[in-house]
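Engineer: The following file, structure_12.pdb, comprises PDB, C-alpha atoms:
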ATOM      1  CA  MET S  25      67.457  25.580  -6.070
ATOM      2  CA  THR S  26      66.274  22.091  -5.139
ATOM      3  CA  ALA S  27      64.612  23.261  -1.916
ATOM      4  CA  SER S  28      62.302  25.588  -3.849
ATOM      5  CA  ILE S  29      61.014  22.815  -6.105
ATOM      6  CA  PRO S  30      58.024  21.027  -4.538
ATOM      7  CA  ASN S  31      57.757  17.258  -4.359
ATOM      8  CA  THR S  32      54.662  15.226  -5.170
ATOM      9  CA  THR S  33      53.682  11.992  -3.444
ATOM     10  CA  VAL S  34      51.464   9.503  -5.247
ATOM     11  CA  SER S  35      49.782   6.376  -3.887
ATOM     12  CA  ILE S  36      50.909   3.198  -5.639
ATOM     13  CA  ASP S  37      48.406   1.023  -3.773
ATOM     14  CA  GLU S  38      46.861   0.864  -0.296
ATOM     15  CA  ASN S  39      50.231   0.392   1.395
ATOM     16  CA  ARG S  40      52.812   2.092  -0.832
ATOM     17  CA  GLU S  41      53.683   5.611  -1.991
ATOM     18  CA  LEU S  42      56.168   7.177  -4.383
ATOM     19  CA  THR S  43      57.657  10.676  -4.296
ATOM     20  CA  TYR S  44      58.740  12.553  -7.403
ATOM     21  CA  THR S  45      59.861  16.029  -8.444
ATOM     22  CA  GLU S  46      59.206  17.884 -11.695
ATOM     23  CA  TYR S  47      61.956  19.835 -13.446
ATOM     24  CA  GLY S  48      62.124  21.741 -16.710
ATOM     25  CA  ASP S  49      59.115  23.006 -18.676
ATOM     26  CA  ALA S  50      55.817  22.289 -16.897
ATOM     27  CA  SER S  51      53.949  22.308 -20.228
ATOM     28  CA  GLY S  52      56.613  20.440 -22.200
ATOM     29  CA  THR S  53      57.127  16.909 -23.485
ATOM     30  CA  PRO S  54      56.838  14.474 -20.540
ATOM     31  CA  VAL S  55      59.977  12.439 -19.866
ATOM     32  CA  LEU S  56      60.721  10.229 -16.867
ATOM     33  CA  PHE S  57      64.218  10.562 -15.434
ATOM     34  CA  LEU S  58      65.415   7.499 -13.512
ATOM     35  CA  HIS S  59      68.373   7.907 -11.162
ATOM     36  CA  GLY S  60      71.155   5.393 -10.630
ATOM     37  CA  THR S  61      71.841   2.844  -7.874
ATOM     38  CA  PRO S  62      72.040   4.505  -5.399
ATOM     39  CA  GLY S  63      70.387   7.791  -6.251
ATOM     40  CA  SER S  64      67.375  10.028  -5.843
ATOM     41  CA  ARG S  65      65.056  12.451  -7.603
ATOM     42  CA  ARG S  66      67.546  15.238  -6.769
ATOM     43  CA  LEU S  67      69.823  14.129  -9.612
ATOM     44  CA  GLY S  68      67.291  15.721 -11.947
ATOM     45  CA  THR S  69      68.471  19.128 -10.689
ATOM     46  CA  LEU S  70      71.515  18.739 -12.938
ATOM     47  CA  PHE S  71      69.258  18.867 -16.000
ATOM     48  CA  ASP S  72      66.610  21.402 -15.035
ATOM     49  CA  THR S  73      68.067  24.023 -17.375
ATOM     50  CA  ALA S  74      68.565  21.596 -20.271
ATOM     51  CA  ALA S  75      64.995  20.352 -19.851
ATOM     52  CA  ARG S  76      63.674  23.912 -20.043
ATOM     53  CA  GLU S  77      65.755  24.655 -23.117
ATOM     54  CA  HIS S  78      64.432  21.596 -24.947
ATOM     55  CA  GLY S  79      60.817  21.894 -23.827
ATOM     56  CA  ILE S  80      60.895  18.840 -21.553
ATOM     57  CA  ARG S  81      58.718  18.221 -18.522
ATOM     58  CA  LEU S  82      61.135  16.083 -16.525
ATOM     59  CA  LEU S  83      59.500  13.782 -13.961
ATOM     60  CA  ALA S  84      62.127  12.423 -11.552
ATOM     61  CA  PRO S  85      61.004   9.867  -8.946
ATOM     62  CA  ASP S  86      62.691   8.413  -5.915
ATOM     63  CA  ARG S  87      62.390   4.701  -6.602
ATOM     64  CA  PRO S  88      61.089   2.734  -3.575
ATOM     65  CA  GLY S  89      63.523   2.761  -0.668
ATOM     66  CA  TYR S  90      65.351   5.891  -1.807
ATOM     67  CA  GLY S  91      64.944   9.484  -0.656
ATOM     68  CA  GLN S  92      61.343  10.165   0.348
ATOM     69  CA  SER S  93      59.811   7.002  -1.175
ATOM     70  CA  PRO S  94      59.170   4.315   1.488
ATOM     71  CA  PRO S  95      60.906   0.929   1.122
ATOM     72  CA  TRP S  96      59.463  -1.930  -0.885
ATOM     73  CA  SER S  97      62.062  -4.545  -0.030
ATOM     74  CA  ASP S  98      60.535  -7.506  -1.885
ATOM     75  CA  ARG S  99      60.001  -5.664  -5.161
ATOM     76  CA  SER S 100      61.401  -7.058  -8.386
ATOM     77  CA  ILE S 101      62.605  -5.265 -11.482
ATOM     78  CA  SER S 102      59.281  -5.990 -13.182
ATOM     79  CA  ASP S 103      57.447  -4.127 -10.396
ATOM     80  CA  ALA S 104      58.750  -0.903 -11.930
ATOM     81  CA  GLU S 105      55.699  -0.906 -14.184
ATOM     82  CA  THR S 106      53.463  -0.530 -11.112
ATOM     83  CA  TYR S 107      55.028   2.585  -9.642
ATOM     84  CA  LEU S 108      56.094   4.260 -12.903
ATOM     85  CA  THR S 109      52.648   3.986 -14.474
ATOM     86  CA  ALA S 110      51.135   5.242 -11.198
ATOM     87  CA  LEU S 111      53.409   8.290 -11.487
ATOM     88  CA  LEU S 112      52.310   8.921 -15.078
ATOM     89  CA  ASP S 113      48.647   8.593 -14.109
ATOM     90  CA  ASP S 114      49.122  11.056 -11.245
ATOM     91  CA  ALA S 115      50.873  13.520 -13.572
ATOM     92  CA  GLY S 116      48.099  13.203 -16.172
ATOM     93  CA  VAL S 117      50.464  11.739 -18.762
ATOM     94  CA  GLU S 118      49.384   9.079 -21.235
ATOM     95  CA  THR S 119      52.650   8.562 -23.130
ATOM     96  CA  ALA S 120      56.154   9.568 -22.096
ATOM     97  CA  GLY S 121      59.792   9.116 -22.909
ATOM     98  CA  VAL S 122      62.375   7.807 -20.442
ATOM     99  CA  VAL S 123      65.958   8.799 -19.697
ATOM    100  CA  ALA S 124      67.565   6.254 -17.360
ATOM    101  CA  PHE S 125      70.992   6.585 -15.791
ATOM    102  CA  SER S 126      73.150   3.656 -14.665
ATOM    103  CA  GLY S 127      71.091   1.346 -12.406
ATOM    104  CA  GLY S 128      67.882   2.955 -13.673
ATOM    105  CA  SER S 129      68.253   1.123 -16.985
ATOM    106  CA  ALA S 130      66.739  -2.168 -15.794
ATOM    107  CA  HIS S 131      63.560  -0.450 -14.590
ATOM    108  CA  ALA S 132      63.194   1.639 -17.746
ATOM    109  CA  LEU S 133      63.626  -1.321 -20.092
ATOM    110  CA  ALA S 134      61.336  -3.591 -18.049
ATOM    111  CA  THR S 135      58.534  -1.016 -18.116
ATOM    112  CA  ALA S 136      59.006  -0.256 -21.815
ATOM    113  CA  ALA S 137      58.700  -3.991 -22.561
ATOM    114  CA  SER S 138      55.551  -4.469 -20.467
ATOM    115  CA  HIS S 139      53.787  -1.199 -21.407
ATOM    116  CA  PRO S 140      54.777  -0.387 -25.009
ATOM    117  CA  ASN S 141      51.755   1.891 -25.371
ATOM    118  CA  ARG S 142      52.994   4.261 -22.666
ATOM    119  CA  PHE S 143      56.703   4.659 -23.454
ATOM    120  CA  ASP S 144      57.736   5.754 -26.929
ATOM    121  CA  ARG S 145      61.463   6.399 -26.489
ATOM    122  CA  VAL S 146      64.075   5.156 -24.017
ATOM    123  CA  ASP S 147      67.506   6.735 -23.631
ATOM    124  CA  VAL S 148      69.806   4.652 -21.441
ATOM    125  CA  VAL S 149      72.778   6.699 -20.206
ATOM    126  CA  ALA S 150      75.786   4.747 -18.893
ATOM    127  CA  GLY S 151      73.270   2.015 -18.197
ATOM    128  CA  ALA S 152      73.811  -1.088 -16.101
ATOM    129  CA  THR S 153      73.494  -4.342 -18.044
ATOM    130  CA  PRO S 154      72.150  -7.775 -17.023
ATOM    131  CA  PRO S 155      74.564 -10.563 -16.040
ATOM    132  CA  SER S 156      73.837 -12.471 -19.230
ATOM    133  CA  VAL S 157      75.438  -9.753 -21.379
ATOM    134  CA  ASP S 158      78.199  -8.598 -19.072
ATOM    135  CA  ALA S 159      81.624  -9.296 -20.472
ATOM    136  CA  GLU S 160      83.095  -8.341 -17.106
ATOM    137  CA  THR S 161      81.772  -7.045 -13.821
ATOM    138  CA  PRO S 162      84.041  -4.586 -11.990
ATOM    139  CA  THR S 163      85.146  -5.785  -8.563
ATOM    140  CA  PRO S 164      83.273  -3.137  -6.505
ATOM    141  CA  GLN S 165      79.963  -3.975  -8.190
ATOM    142  CA  ARG S 166      80.604  -7.697  -7.789
ATOM    143  CA  VAL S 167      81.328  -7.289  -4.074
ATOM    144  CA  LEU S 168      78.268  -5.096  -3.450
ATOM    145  CA  SER S 169      75.975  -7.464  -5.347
ATOM    146  CA  GLY S 170      77.345 -10.406  -3.373
ATOM    147  CA  LEU S 171      76.708  -8.638  -0.087
ATOM    148  CA  ALA S 172      73.177  -7.695  -1.176
ATOM    149  CA  THR S 173      72.428 -11.330  -1.943
ATOM    150  CA  ARG S 174      74.118 -13.043   1.015
ATOM    151  CA  VAL S 175      74.308 -10.504   3.855
ATOM    152  CA  PRO S 176      71.873  -7.659   3.119
ATOM    153  CA  ARG S 177      72.004  -6.336   6.690
ATOM    154  CA  GLY S 178      75.767  -6.078   6.419
ATOM    155  CA  LEU S 179      75.473  -4.141   3.184
ATOM    156  CA  GLY S 180      72.936  -1.822   4.778
ATOM    157  CA  ALA S 181      75.401  -1.097   7.577
ATOM    158  CA  LEU S 182      78.178  -0.470   5.051
ATOM    159  CA  LEU S 183      76.012   1.980   3.122
ATOM    160  CA  ARG S 184      75.042   3.745   6.337
ATOM    161  CA  GLY S 185      78.728   4.196   7.075
ATOM    162  CA  GLN S 186      79.378   5.538   3.584
ATOM    163  CA  ALA S 187      76.590   8.074   3.975
ATOM    164  CA  PHE S 188      77.991   9.115   7.377
ATOM    165  CA  LEU S 189      81.395   9.788   5.844
ATOM    166  CA  ALA S 190      79.976  11.443   2.732
ATOM    167  CA  ALA S 191      78.076  13.954   4.840
ATOM    168  CA  ARG S 192      81.298  15.021   6.539
ATOM    169  CA  LEU S 193      83.840  14.848   3.728
ATOM    170  CA  ASP S 194      84.497  16.797   0.551
ATOM    171  CA  PRO S 195      82.158  15.968  -2.374
ATOM    172  CA  SER S 196      85.081  14.265  -4.117
ATOM    173  CA  PHE S 197      84.559  11.316  -1.727
ATOM    174  CA  VAL S 198      81.304  10.559  -3.545
ATOM    175  CA  VAL S 199      82.352  11.729  -7.015
ATOM    176  CA  ALA S 200      85.340   9.353  -7.008
ATOM    177  CA  GLN S 201      82.876   6.464  -7.111
ATOM    178  CA  TYR S 202      81.658   7.591 -10.530
ATOM    179  CA  SER S 203      84.579   9.403 -12.147
ATOM    180  CA  ASN S 204      88.125   8.465 -13.117
ATOM    181  CA  ASP S 205      89.165  12.099 -12.628
ATOM    182  CA  PRO S 206      87.127  13.743  -9.823
ATOM    183  CA  ASP S 207      89.198  16.937  -9.971
ATOM    184  CA  SER S 208      87.928  17.593 -13.499
ATOM    185  CA  VAL S 209      84.287  17.641 -12.358
ATOM    186  CA  PRO S 210      82.890  21.176 -11.835
ATOM    187  CA  GLU S 211      82.228  22.114  -8.208
ATOM    188  CA  GLU S 212      78.502  22.596  -8.815
ATOM    189  CA  VAL S 213      78.192  19.101 -10.275
ATOM    190  CA  GLN S 214      80.228  17.642  -7.416
ATOM    191  CA  SER S 215      77.940  19.280  -4.873
ATOM    192  CA  LEU S 216      74.810  17.985  -6.593
ATOM    193  CA  VAL S 217      76.199  14.456  -6.884
ATOM    194  CA  LYS S 218      76.961  14.502  -3.156
ATOM    195  CA  ALA S 219      73.470  15.835  -2.363
ATOM    196  CA  ASP S 220      71.927  13.095  -4.519
ATOM    197  CA  PHE S 221      73.956  10.419  -2.716
ATOM    198  CA  LEU S 222      72.952  11.703   0.718
ATOM    199  CA  GLU S 223      69.293  12.003  -0.262
ATOM    200  CA  ALA S 224      69.340   8.412  -1.529
ATOM    201  CA  PHE S 225      70.057   7.244   2.024
ATOM    202  CA  ALA S 226      68.161   9.953   3.906
ATOM    203  CA  GLU S 227      65.535   7.540   5.250
ATOM    204  CA  SER S 228      66.646   4.026   4.308
ATOM    205  CA  ARG S 229      69.268   1.886   2.606
ATOM    206  CA  SER S 230      66.603  -0.527   1.375
ATOM    207  CA  GLY S 231      66.450   0.818  -2.188
ATOM    208  CA  ALA S 232      70.106   0.164  -2.933
ATOM    209  CA  VAL S 233      70.187  -3.227  -1.193
ATOM    210  CA  THR S 234      67.092  -4.398  -3.075
ATOM    211  CA  GLU S 235      68.317  -3.208  -6.462
ATOM    212  CA  LEU S 236      71.848  -4.551  -6.089
ATOM    213  CA  ARG S 237      70.335  -7.930  -5.279
ATOM    214  CA  ASN S 238      67.885  -7.818  -8.186
ATOM    215  CA  THR S 239      70.303  -6.654 -10.858
ATOM    216  CA  ALA S 240      72.825  -9.340  -9.897
ATOM    217  CA  SER S 241      70.433 -12.009 -11.184
ATOM    218  CA  GLU S 242      68.696 -12.283 -14.528
ATOM    219  CA  TRP S 243      66.385  -9.355 -15.076
ATOM    220  CA  ASP S 244      63.475 -11.273 -16.602
ATOM    221  CA  VAL S 245      62.962  -8.482 -19.126
ATOM    222  CA  ALA S 246      61.414  -9.387 -22.478
ATOM    223  CA  PHE S 247      63.851  -7.304 -24.514
ATOM    224  CA  GLY S 248      62.291  -8.506 -27.756
ATOM    225  CA  ASP S 249      58.951  -6.937 -26.755
ATOM    226  CA  ILE S 250      60.379  -3.417 -26.523
ATOM    227  CA  ASP S 251      58.724  -1.398 -29.268
ATOM    228  CA  ALA S 252      60.035   2.019 -28.242
ATOM    229  CA  ASP S 253      62.972   3.716 -29.898
ATOM    230  CA  VAL S 254      66.006   2.859 -27.751
ATOM    231  CA  ARG S 255      69.383   4.555 -27.706
ATOM    232  CA  LEU S 256      72.229   3.501 -25.447
ATOM    233  CA  TRP S 257      74.691   6.282 -24.591
ATOM    234  CA  HIS S 258      77.927   4.902 -23.181
ATOM    235  CA  GLY S 259      81.388   6.206 -22.366
ATOM    236  CA  GLU S 260      84.333   4.279 -23.728
ATOM    237  CA  GLN S 261      86.236   4.886 -20.464
ATOM    238  CA  ASP S 262      83.397   3.868 -18.146
ATOM    239  CA  THR S 263      84.916   1.653 -15.439
ATOM    240  CA  ASN S 264      81.638   1.342 -13.488
ATOM    241  CA  VAL S 265      79.845  -0.308 -16.409
ATOM    242  CA  PRO S 266      82.321  -1.421 -19.092
ATOM    243  CA  VAL S 267      81.236  -0.618 -22.637
ATOM    244  CA  ALA S 268      81.421  -4.276 -23.722
ATOM    245  CA  GLY S 269      78.171  -4.936 -21.878
ATOM    246  CA  ALA S 270      76.408  -2.070 -23.681
ATOM    247  CA  ARG S 271      77.535  -3.465 -27.033
ATOM    248  CA  GLN S 272      76.010  -6.832 -26.184
ATOM    249  CA  LEU S 273      72.795  -5.313 -24.802
ATOM    250  CA  ARG S 274      72.257  -3.421 -28.048
ATOM    251  CA  GLU S 275      72.015  -6.775 -29.854
ATOM    252  CA  ARG S 276      69.218  -7.914 -27.534
ATOM    253  CA  ILE S 277      66.912  -4.924 -28.139
ATOM    254  CA  PRO S 278      65.248  -4.652 -31.573
ATOM    255  CA  GLY S 279      66.463  -1.579 -33.438
ATOM    256  CA  ALA S 280      68.500  -0.224 -30.534
ATOM    257  CA  GLU S 281      71.299   2.231 -31.314
ATOM    258  CA  LEU S 282      74.559   2.647 -29.435
ATOM    259  CA  GLN S 283      76.103   6.108 -29.152
ATOM    260  CA  LEU S 284      79.668   5.948 -27.843
ATOM    261  CA  LEU S 285      81.297   8.893 -26.061
ATOM    262  CA  GLU S 286      85.045   8.939 -26.512
ATOM    263  CA  ASP S 287      87.116   9.549 -23.375
ATOM    264  CA  ALA S 288      84.019   9.658 -21.136
ATOM    265  CA  ASP S 289      83.749   7.864 -17.802
ATOM    266  CA  HIS S 290      80.519   7.059 -15.930
ATOM    267  CA  LEU S 291      79.793  10.554 -14.590
ATOM    268  CA  GLN S 292      81.069  12.333 -17.694
ATOM    269  CA  THR S 293      78.672  10.261 -19.788
ATOM    270  CA  LEU S 294      75.775  11.347 -17.570
ATOM    271  CA  CYS S 295      76.684  15.028 -17.854
ATOM    272  CA  ARG S 296      77.486  15.018 -21.572
ATOM    273  CA  ALA S 297      74.844  12.652 -22.940
ATOM    274  CA  THR S 298      71.744  13.553 -20.934
ATOM    275  CA  PRO S 299      71.192  17.013 -22.482
ATOM    276  CA  ASP S 300      71.498  15.428 -25.945
ATOM    277  CA  ALA S 301      69.071  12.693 -24.920
ATOM    278  CA  LEU S 302      66.573  15.316 -23.754
ATOM    279  CA  ALA S 303      66.943  17.185 -27.040
ATOM    280  CA  ALA S 304      66.267  13.939 -28.933
ATOM    281  CA  GLN S 305      63.182  13.281 -26.783
ATOM    282  CA  GLY S 306      61.804  16.704 -27.705
ATOM    283  CA  GLU S 307      62.603  16.233 -31.386
ATOM    284  CA  LYS S 308      60.783  12.903 -31.459
ATOM    285  CA  LEU S 309      57.556  14.475 -30.239
ATOM    286  CA  THR S 310      57.840  17.199 -32.880
ATOM    287  CA  ALA S 311      58.359  14.582 -35.590
ATOM    288  CA  ASP S 312      55.512  12.364 -34.340
ATOM    289  CA  THR S 313      53.009  15.231 -34.245
ATOM    290  CA  ALA S 314      54.057  16.910 -37.492
TER     291      ALA S 314
END
Once you've parsed the file, please lay out its structure as structure tokens.
Structural biologist:
Amino acid sequence: MTASIPNTTVSIDENRELTYTEYGDASGTPVLFLHGTPGSRRLGTLFDTAAREHGIRLLAPDRPGYGQSPPWSDRSISDAETYLTALLDDAGVETAGVVAFSGGSAHALATAASHPNRFDRVDVVAGATPPSVDAETPTPQRVLSGLATRVPRGLGALLRGQAFLAARLDPSFVVAQYSNDPDSVPEEVQSLVKADFLEAFAESRSGAVTELRNTASEWDVAFGDIDADVRLWHGEQDTNVPVAGARQLRERIPGAELQLLEDADHLQTLCRATPDALAAQGEKLTADTA
């Protein structure tokens, strides 16, 4: 199904471009969907049907250095406002909602803080949290962040090797990075998660290296300036991003709500919470225009 959905490339400035794909209802409520770290626009395929059902026009970009978007190795988290607003302008969208998965959370929250007039609701699904609110950082994330900071070329080589293996092994090789019980994940979801992982590294490893470096330090996000409605959806069994960090992040964002999913790990939270987040995005527009 993904191959039949066209991509769009937008110019960010004279030297940079961004690629995105639209899913769901072309005339529906515009919502940005931000993939994880690593990830790509192809993750949006998982929610094409849900977006159609809830009247959502889902705009899913490859962040710089992932998939078909060229690298921008010196970008910061705050630079998200540049490429995300360029996407909205290209799509003819004035105001949108955001659904951000995992490592996409930093970019969603930074842009919502800097452009409150363009983002009216943010749903963070199994979202990464800044170091200042992390009660604990799992060992794999700590190791990857350390490599990104101290030996980025080495991390790039490691990620290249992972992609090489992922292309040749069963999808469970990738799914095991996000789920405590890969065998419980439906085959279709496993296949799409593998395709997303491979697309993330199709042209470059720069996106993941850059973001792992950036999110390991303070995000420089003015959480108090976020005026959008914010809901954090988090699984109580998430070992990629422990729920303690989400509880602390909620206290930093004015009016933010935390929706806990019992017995859900990182990937289960994505699959279970995102359709509900899309439904809530559609309901908000109905309420605001009533």
Engineer: Do you know which residues are at most 6 Å from Gly127 of chain S counting all atoms listed in the file, after dropping those on the same chain fewer than 2 positions away, and could you put them as a ChimeraX atom specification?
Structural biologist: /S:60-61,129,152
Engineer: Kindly give the distance, in Å, that separates atom CA of His78 of chain S and atom CA of Asn31 of chain S, rounded to a single decimal.
Structural biologist: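 Computing the Euclidean distance for atom CA of His78 of chain S and atom CA of Asn31 of chain S yields 22.1 Å.
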Engineer: Give me the residues near Arg65 of chain S as JSON, numbers by chain, where near means some atom within 8 Å (using all atoms listed in the file) and where sequence neighbours in that chain fewer than 6 positions away do not count.
Structural biologist: {"S": [44, 45, 58, 59, 84, 85, 86, 91, 220]}
Engineer: Would you compute the box with edges along x, y and z of the file around segment 248-253 of chain S, including every atom the file lists for it and 4 Å extra on each side, and give its centre and edge lengths in Å to one decimal, as lines of an AutoDock Vina configuration file?
Structural biologist:
center_x = 60.8
center_y = -2.4
center_z = -28.2
size_x = 12.2
size_y = 20.2
size_z = 11.4
Engineer: Selection in question (the file shown): the PyMOL selection byres ((chain S and resi 300) around 12). Which residues does it include, as an NGL selection string?
Structural biologist: :S and (71 or 74-75 or 77-78 or 80 or 123 or 147-149 or 255-257 or 283 or 285 or 293-299 or 301-307)
Engineer: Find the residues near Ala288 of chain S: any atom within 7 Å, counting only C-alpha atoms, skip ones fewer than 6 places away on the same chain, and give them as a PyMOL selection string.
Structural biologist: chain S and resi 259-262
Engineer: If the PyMOL selection byres ((chain S and resi 87) around 8) is run on the structure shown, which residues does it catch, given as a ChimeraX atom specification?
Structural biologist: /S:42-43,64,85-86,88-90,93,231
Engineer: Between S:Ser126, S:Thr69, S:Gln92, S:Thr53, which has the minimum distance to Lys308 of chain S (counting only C-alpha atoms)?
Structural biologist: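 Closest residue, counting only C-alpha atoms: S:Thr53.
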Engineer: Could you check which of S:Pro206, S:Gly79, S:Pro155, S:Gly185 is closest to Ser169 of chain S, using only C-alpha atoms?
Structural biologist: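 Checking each of S:Pro206, S:Gly79, S:Pro155, S:Gly185 against Ser169 of chain S, counting only C-alpha atoms, the winner is S:Pro155.
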Engineer: Would you kindly place N, CA and C atoms on segment 274-285 of chain S and return the model as a CSV table (one decimal), in the coordinates of the input?
Structural biologist:
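Dumped everything to selection_6.csv:
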chain,number,residue,atom,x,y,z
S,274,ARG,N,72.8,-4.0,-26.8
S,274,ARG,CA,72.3,-3.4,-28.0
S,274,ARG,C,71.7,-4.5,-28.9
S,275,GLU,N,72.4,-5.7,-29.0
S,275,GLU,CA,72.0,-6.8,-29.9
S,275,GLU,C,70.7,-7.5,-29.4
S,276,ARG,N,70.4,-7.3,-28.1
S,276,ARG,CA,69.2,-7.9,-27.5
S,276,ARG,C,67.9,-7.1,-27.8
S,277,ILE,N,68.1,-5.8,-28.0
S,277,ILE,CA,66.9,-4.9,-28.1
S,277,ILE,C,66.7,-4.6,-29.6
S,278,PRO,N,65.5,-4.9,-30.2
S,278,PRO,CA,65.2,-4.7,-31.6
S,278,PRO,C,65.4,-3.2,-31.9
S,279,GLY,N,66.3,-2.9,-32.9
S,279,GLY,CA,66.5,-1.6,-33.4
S,279,GLY,C,67.2,-0.6,-32.5
S,280,ALA,N,67.8,-1.1,-31.5
S,280,ALA,CA,68.5,-0.2,-30.5
S,280,ALA,C,69.8,0.3,-31.2
S,281,GLU,N,70.1,1.6,-30.8
S,281,GLU,CA,71.3,2.2,-31.3
S,281,GLU,C,72.3,2.4,-30.1
S,282,LEU,N,73.5,2.4,-30.4
S,282,LEU,CA,74.6,2.6,-29.4
S,282,LEU,C,75.4,3.9,-29.8
S,283,GLN,N,75.3,4.9,-29.0
S,283,GLN,CA,76.1,6.1,-29.2
S,283,GLN,C,77.3,6.1,-28.2
S,284,LEU,N,78.5,6.0,-28.7
S,284,LEU,CA,79.7,5.9,-27.8
S,284,LEU,C,80.2,7.3,-27.6
S,285,LEU,N,80.7,7.6,-26.4
S,285,LEU,CA,81.3,8.9,-26.1
S,285,LEU,C,82.8,8.6,-25.8
